[in-house]
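Student: Take a look at this one; I'll ask things after.
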Amino acid sequence: MSEQKIIDDDGHFHAEDEEIDLSDTIAEGWIALGLFWLLGATVLYQFVTRYVFNDSASWTEEVARYMLIGVVFVGAAIGVHKNNQIQVDFFYRHLPAAVGRWMSRVVDVLRTAFFVAAAVMTVQMMLKIGNNTRMTIVDAPMNIVYGVCLFGFIAMAWRSLQVARIHWQRGYSVLEMVRAFEAACGR
């Protein structure tokens, strides 16, 4: 198999892009993308009204802030789905494999429990403040923002359950693969 040259002998750049496949993008990813584009449009509108028309739209800063919150909370479900959370490998390197397996199960359970608890507390907070608490500039209830956060927590809990199920069916999690990775690298 011949090696593909990025720069040929004449100095021309050659690269071929891989085909883009978005079929495995989860629903929360599309929702976060939509919120991100709305955020971008809002910030652009803010820029145009402030610097072109010299008459800034006051609502754009507040709405952009809340959209950014939505992007973060809904988009976090993507990280949970891909199992890309921060992890500490230290214990998995030095403890027996069986202990590492049980620790990864505990991590799966605690992660899911955290997201469920956060969703429950968000509902409790929404019920407590009711519709009386309004946004500062836009006359809308703050529960809209908290509802988006609630949706994000529920999505993260659901995706966490799916990841735990995959780990339990497969018999291992990424956390446990540290030892195998180091062995393959010759460490």
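Letters for chains follow the order of the structure tokens (A, B, ...), residue numbers begin at 1 for each chain, and ligand numbers begin at 1 in the order shown.
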Under the rule of at most 10 Å, produce a per-residue listing of region 73-158 of chain A near region 31-49 of chain A: chain, number, name, the closest pair of atoms, and the distance in Å, as a Markdown table, using only C-alpha atoms.

Tutor:
| residue | atom | partner | partner_atom | distance |
| --- | --- | --- | --- | --- |
| A:Phe73 | CA | A:Ala32 | CA | 8.5 |
| A:Val74 | CA | A:Ala32 | CA | 5.7 |
| A:Gly75 | CA | A:Ala32 | CA | 5.3 |
| A:Ala76 | CA | A:Ala32 | CA | 9.0 |
| A:Ala77 | CA | A:Ala32 | CA | 9.4 |
| A:Ile78 | CA | A:Ala32 | CA | 9.2 |
| A:Gly152 | CA | A:Ala32 | CA | 9.8 |

Student: Out of chain A, which residues get alpha helix (DSSP H) from DSSP, as a PyMOL selection string?

Tutor: chain A and resi 27-47+59-81+90-94+97-129+143-170+177-185

Student: Counting only C-alpha atoms, figure out which residue out of A:Val80, A:Ile7, A:Met177, A:Ala57 gets nearest to Ser104 (chain A).

Tutor: A:Met177

Student: Could you jot down the CA of Leu161 (chain A) to CA of Glu176 (chain A) separation for me, Å, one decimal place?

Tutor: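 It comes out at 18.2 Å.
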
Student: Give me, as an MDAnalysis selection string, all polymer residues having an atom no more than 9 Å from Met142 (chain A), counting only C-alpha atoms and skipping those fewer than 4 positions away in the same chain.

Tutor: chainID A and resid 126 129:135 146:147

Student: Deliver the residues from the most recent selection as a file, using C-alpha atoms, as a tab-separated table (two decimals), in the first residue's frame.

Tutor:
chain	number	residue	atom	x	y	z
A	126	MET	CA	-39.08	25.26	39.70
A	129	ILE	CA	-40.24	29.73	42.57
A	130	GLY	CA	-43.29	29.16	40.40
A	131	ASN	CA	-44.04	31.64	37.64
A	132	ASN	CA	-43.54	34.64	39.92
A	133	THR	CA	-39.80	34.96	39.24
A	134	ARG	CA	-39.36	36.71	35.92
A	135	MET	CA	-36.38	37.39	33.69
A	146	TYR	CA	-34.77	26.06	34.38
A	147	GLY	CA	-36.95	23.85	32.17

Student: Let me make sure I understand: among A:Ser173, A:Ala164, A:Ile144, A:His14, which one has the smallest atom-to-atom distance to Val63 (chain A) if we use only C-alpha atoms?

Tutor: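 Once distances to Val63 (chain A) are computed over only C-alpha atoms, the minimum belongs to A:Ile144.
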
Student: If you measure from CA of Thr136 (chain A) to CA of Asn54 (chain A), what distance in Å do you get, rounded to one decimal?

Tutor: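 Atom-to-atom, CA of Thr136 (chain A) to CA of Asn54 (chain A), that is 22.3 Å.
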
Student: Between A:Tyr92, A:His81, A:His167, A:Leu175, single out the one closest to Ile26 (chain A), counting only C-alpha atoms.

Tutor: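 Of the candidates, the smallest distance to Ile26 (chain A) is held by A:His81.
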
Student: Between CA of Val107 (chain A) and CA of Gln87 (chain A), what distance in Å does the model show, to one decimal?

Tutor: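 Distance between the two atoms: 9.9 Å.
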
Student: For Lys82 (chain A), list every protein, DNA or RNA residue within 10 Å, evaluated using only C-alpha atoms, and leave out those in the same chain fewer than 6 positions away; present the list as a list of chain:residue names.

Tutor: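 In the requested format, the answer is A:Arg159, A:Ser160, A:Val163.
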
Student: Using only C-alpha atoms, can you tell me which of A:Gly11, A:Arg170, A:Val148, A:Phe91 comes closest to Met67 (chain A)?

Tutor: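 Among A:Gly11, A:Arg170, A:Val148, A:Phe91, it is A:Val148 that comes nearest to Met67 (chain A).
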